[in-house]
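Notes for the one structure printed next.
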Amino acid sequence: MGTRRILIVDDEDDIREIAQLSLEISGRWEVVAAACGSEALCVAAETRPAAILLDVMMPGLDGPTTLGRLRQNPVTADIPVIFLTAKAQSGERRQLLDLGARGVIAKPFDPMTLGQEITSVLGTEEQA
Amino acid sequence: MSGLAELWHKHNHLNVERVRTLETVAKAALHSRLDRQWRTEGEQAAHNLAGSLGTFGFGEASTAAFEIEAMLRTGILDFRRFAEGLLTIREAVDSELVEPDIEGDLLLADNPDVPGGPPQRQPAETVRVVFCGTDQELVERLCSLATPHGCTVETVADASAAIAAITSAPAAALVIDLPTGDLDDMIVGHDSGTGTTGESAVARAADLVPVFVLTGDDDLSYRLAAVRAGAVGFLRRDCQAEEIAAFVASVAAPPVKVTLRVLVVDDDPGVLRHIAEELPEPSCDVTAVSEPLDCWPALEQQRPDVVLIDLNMPGVCGLDLCHMLRSDPRWHRLPVIVMVDVLDVATAEGAFAAGADDLIAKPVIGSVLRARIAAHAERCR
């Protein structure tokens with residue numbers, strides 16, 4: 001089974017690195033990372049990942065704004081985005097999905113099952 | 001291969017700082033001094049703790065952090081719930097994460113027949129507090145509040161029993177209740193039989209543990225005598241039991257081990273070497289900068305607790321850097337100690353006017369420097 005590239009975007013170093021550890025160990029993902037929305041825009045355009053795991057609450061460009069900018073760039077417009085948020089109540093989840101996200105994963109996530117959650121959100125056609 | 005425990009050790013200092021922020025917020029709330037800025041900072045710290053602790057497997061602490069975040073967001077504070085939650089969070093942050101077999105766990109997680117568990121943690125120990133007094137109602141109230149603060153309370157009736165209790169087994173604090181009378185004997189050490197002044201119970205105990213005095217008499221002379229005898233706390237008996245418990249617990253609880261980040265700016269490499277030697281790891285994490293303006297990116301990178309700046313440097317001097325720090329909202333509250341070759345009145349006035357918090361004369365004496373750095377960092381938390 002091959003690996004696919006995923007971009008993790010979170011301003012909290014510990015969360016970003018634990019997500020990276022979790023996904024890399026699974027052997028199914030090659031991880032690139034960004035610590036803020038503006039960095040994410042550059043990294044996404046340069047590396048063209050298969051998916052982006054994007055934190056909602058970040059200083060500077062927040063998750064929804066970053067998603068909007070990604071959609072404006074033809075290079076990154078079609079990359080599936082999964083939001084990562086501590087406020088994953090149904091109303092908020094709906095709003096995030098309406099912005100064009102493929103899915104929403106709640107914080108705190110379980111590092112043991114993060115890869116499975118992402119695979120589940122992306123659906124069978126996205127699986128490696 | 002790096003694992004969860006390694007990441008925990010690498011990043012847990014962030015959680016330690018967040019706990020410190022919440023402790024400051026709790027104290028401010030307790031004294032009705034919680035302003036908007038601290039509320040916002042506390043809310044952010046609780047939010048980050050909730051995400052971090054939950055991801056590392058501390059579900060209960062994560063829930064507690066979410067609850068505190070909600071309290072600060074809404075402004076509806078339940079102090080008892082806040083204190084209980086903070087204790088749960090602190091236990092988690094103080095815990096040692098046992099290195100889990102994350103690779104094995106991931107494989108187990110893929111197999112529904114063999115469930116993988118969260119990382120194992122070692123629980124923090126409770127601390128023993130000795131209470132010397134006979135007011136049963138107060139004892140019961142303090143006992144009920146002790147557990148949420150991570151303390152157990154042992155009651156003794158008089159001073160000699162208190163001394164015996166703290167010498168016979170490890171204790172984190174002694175609380176001496178003095179409703180009336182007894183003040184001379186316990187604090188001043190007055191011997192009513194002979195009329196002489198001997199060593200007080202407070203002084204004897206203070207050599208062994210932190211001592212708190214509860215008294216109904218707020219006479220300043222007794223307050224002074226208690227402090228001189230070595231008491232670390234002097235509280236009126238009519239203040240809230242919650243306040244007493246929180247104050248005692250804040251002193252009695254085992255300190256969170258913190259590595260102080262110190263940024264040193266000096267054009268003399270010899271001074272930089274000397275200071276790095278005097279501020280060893282793991283208690284300090286020193287970043288040394290010999291070019292004054294190089295301190296600016298270093299600030300962003302290190303996020304120091306304290307900055308040490310040499311006064312006399314070519315080009316950009318220490319006072320310039322002080323002004324620059326104080327003019328930036330990110331650093332205007334950062335403790336700054338200026339190192340000077342000659343400590344005279346004019347130099348001191350100039351440094352304080354530029355925004356320095358403290359001055360220290362060269363050659364820097366290690367023990368004095370360490371004490372000053374610790375004091376400034378603590379005050380600023």
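Chain lettering (A, B, ...) mirrors the order of the structure tokens, residue numbering begins at 1 for each chain separately, and ligand numbering begins at 1 in order of display.
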Using only C-alpha atoms, find each residue of chain A with at least one atom at most 12 Å away from an atom of chain B; report its shortest atom-to-atom pair and that distance in Å (one decimal), sort the rows by chain and rising residue number, and return the result as JSON lines.
```
{"residue": "A:Asp10", "atom": "CA", "partner": "B:Gly51", "partner_atom": "CA", "distance": 11.4}
{"residue": "A:Asp11", "atom": "CA", "partner": "B:Asn48", "partner_atom": "CA", "distance": 10.4}
{"residue": "A:Glu12", "atom": "CA", "partner": "B:Asn48", "partner_atom": "CA", "distance": 7.9}
{"residue": "A:Asp13", "atom": "CA", "partner": "B:His11", "partner_atom": "CA", "distance": 7.6}
{"residue": "A:Asp14", "atom": "CA", "partner": "B:His11", "partner_atom": "CA", "distance": 5.8}
{"residue": "A:Ile15", "atom": "CA", "partner": "B:Ser52", "partner_atom": "CA", "distance": 6.2}
{"residue": "A:Arg16", "atom": "CA", "partner": "B:Ser52", "partner_atom": "CA", "distance": 10.0}
{"residue": "A:Glu17", "atom": "CA", "partner": "B:Leu7", "partner_atom": "CA", "distance": 7.5}
{"residue": "A:Ile18", "atom": "CA", "partner": "B:Leu7", "partner_atom": "CA", "distance": 7.0}
{"residue": "A:Ala19", "atom": "CA", "partner": "B:Thr55", "partner_atom": "CA", "distance": 9.0}
{"residue": "A:Gln20", "atom": "CA", "partner": "B:Gly3", "partner_atom": "CA", "distance": 10.9}
{"residue": "A:Leu21", "atom": "CA", "partner": "B:Gly3", "partner_atom": "CA", "distance": 7.3}
{"residue": "A:Ser22", "atom": "CA", "partner": "B:Ile102", "partner_atom": "CA", "distance": 8.0}
{"residue": "A:Leu23", "atom": "CA", "partner": "B:Leu106", "partner_atom": "CA", "distance": 9.8}
{"residue": "A:Glu24", "atom": "CA", "partner": "B:Glu103", "partner_atom": "CA", "distance": 10.0}
{"residue": "A:Ile25", "atom": "CA", "partner": "B:Glu103", "partner_atom": "CA", "distance": 6.3}
{"residue": "A:Ser26", "atom": "CA", "partner": "B:Leu106", "partner_atom": "CA", "distance": 6.9}
{"residue": "A:Gly27", "atom": "CA", "partner": "B:Glu103", "partner_atom": "CA", "distance": 9.9}
{"residue": "A:Arg28", "atom": "CA", "partner": "B:Leu106", "partner_atom": "CA", "distance": 11.9}
{"residue": "A:Asp55", "atom": "CA", "partner": "B:Gly51", "partner_atom": "CA", "distance": 11.3}
{"residue": "A:Met57", "atom": "CA", "partner": "B:His47", "partner_atom": "CA", "distance": 10.2}
{"residue": "A:Met58", "atom": "CA", "partner": "B:Gln44", "partner_atom": "CA", "distance": 11.2}
{"residue": "A:Pro59", "atom": "CA", "partner": "B:Gln44", "partner_atom": "CA", "distance": 11.4}
{"residue": "A:Leu84", "atom": "CA", "partner": "B:Gly51", "partner_atom": "CA", "distance": 10.5}
{"residue": "A:Thr85", "atom": "CA", "partner": "B:Gly51", "partner_atom": "CA", "distance": 9.1}
{"residue": "A:Ala86", "atom": "CA", "partner": "B:Gly51", "partner_atom": "CA", "distance": 7.0}
{"residue": "A:Lys87", "atom": "CA", "partner": "B:Phe66", "partner_atom": "CA", "distance": 10.2}
{"residue": "A:Ala106", "atom": "CA", "partner": "B:Gly51", "partner_atom": "CA", "distance": 9.5}
{"residue": "A:Lys107", "atom": "CA", "partner": "B:Gly51", "partner_atom": "CA", "distance": 5.7}
{"residue": "A:Pro108", "atom": "CA", "partner": "B:Gly51", "partner_atom": "CA", "distance": 4.7}
{"residue": "A:Phe109", "atom": "CA", "partner": "B:Thr55", "partner_atom": "CA", "distance": 5.5}
{"residue": "A:Asp110", "atom": "CA", "partner": "B:Thr55", "partner_atom": "CA", "distance": 5.8}
{"residue": "A:Pro111", "atom": "CA", "partner": "B:Thr55", "partner_atom": "CA", "distance": 6.7}
{"residue": "A:Met112", "atom": "CA", "partner": "B:Leu106", "partner_atom": "CA", "distance": 5.4}
{"residue": "A:Thr113", "atom": "CA", "partner": "B:Ala109", "partner_atom": "CA", "distance": 6.8}
{"residue": "A:Leu114", "atom": "CA", "partner": "B:Leu106", "partner_atom": "CA", "distance": 9.8}
{"residue": "A:Gly115", "atom": "CA", "partner": "B:Leu106", "partner_atom": "CA", "distance": 9.3}
{"residue": "A:Gln116", "atom": "CA", "partner": "B:Asp110", "partner_atom": "CA", "distance": 8.4}
{"residue": "A:Glu117", "atom": "CA", "partner": "B:Asp110", "partner_atom": "CA", "distance": 11.7}
```
Excluding A:Gly103 and residues on its chain fewer than 6 positions from it, collect all residues at most 7 Å away from it, counting only C-alpha atoms, and give them as a CSV table (one decimal) with N, CA, C and O atoms, in the first residue's frame.
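Generated file (selection29.csv):
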```
chain,number,residue,atom,x,y,z
A,82,ILE,N,-9.8,18.9,5.9
A,82,ILE,CA,-10.5,18.4,7.1
A,82,ILE,C,-10.2,19.4,8.2
A,82,ILE,O,-9.0,19.6,8.5
A,83,PHE,N,-11.3,19.9,8.8
A,83,PHE,CA,-11.0,20.8,9.9
A,83,PHE,C,-10.8,20.1,11.2
A,83,PHE,O,-11.4,19.0,11.5
A,97,LEU,N,-18.6,22.6,7.5
A,97,LEU,CA,-18.8,21.8,6.3
A,97,LEU,C,-19.4,22.6,5.1
A,97,LEU,O,-19.0,22.4,4.0
A,121,VAL,N,-13.1,9.9,6.8
A,121,VAL,CA,-13.7,11.2,6.3
A,121,VAL,C,-13.4,11.3,4.8
A,121,VAL,O,-14.3,11.7,4.0
```
Inset, instruction - Do a neighbour search on B:Gly350 at 12 Å with only C-alpha atoms, toss out local chain neighbours closer than 6 positions, and write the hits as a list in words. - result: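 Residues meeting the cut-off are Leu311, Gly318, Leu319, Asp320, Cys322, His323, Val338, Val340, Leu343, Asp344, Ala356, Asp357, Asp358 and Leu359 of chain B.
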Legend entry - Interatomic distance, atom CA of A:Leu122 to atom CA of A:Ile105 (Å, one decimal):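 Between atom CA of A:Leu122 and atom CA of A:Ile105 the gap works out to 11.6 Å.
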Legend entry - Between atom CA of A:Ala51 and atom CA of B:His9, distance in Å (one decimal):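 Taking atom CA of A:Ala51 and atom CA of B:His9, their separation equals 29.2 Å.
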Inset, instruction - Find, counting only C-alpha atoms, the residue in B:Arg39, B:Arg261, B:Arg90, B:Arg236 that gets nearest to B:Lys27. - result: B:Arg39
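With only C-alpha atoms as the atoms that count, the residue of A:Pro80, A:Pro49, A:Gly2, A:Pro64 with the shortest distance to A:Gln95 is A:Pro64.
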Legend entry - All alpha helix (DSSP H) residues (DSSP, backbone) inside chain A, as a VMD selection string: chain A and resid 13 to 25 37 to 47 63 to 72 90 to 98 114 to 122
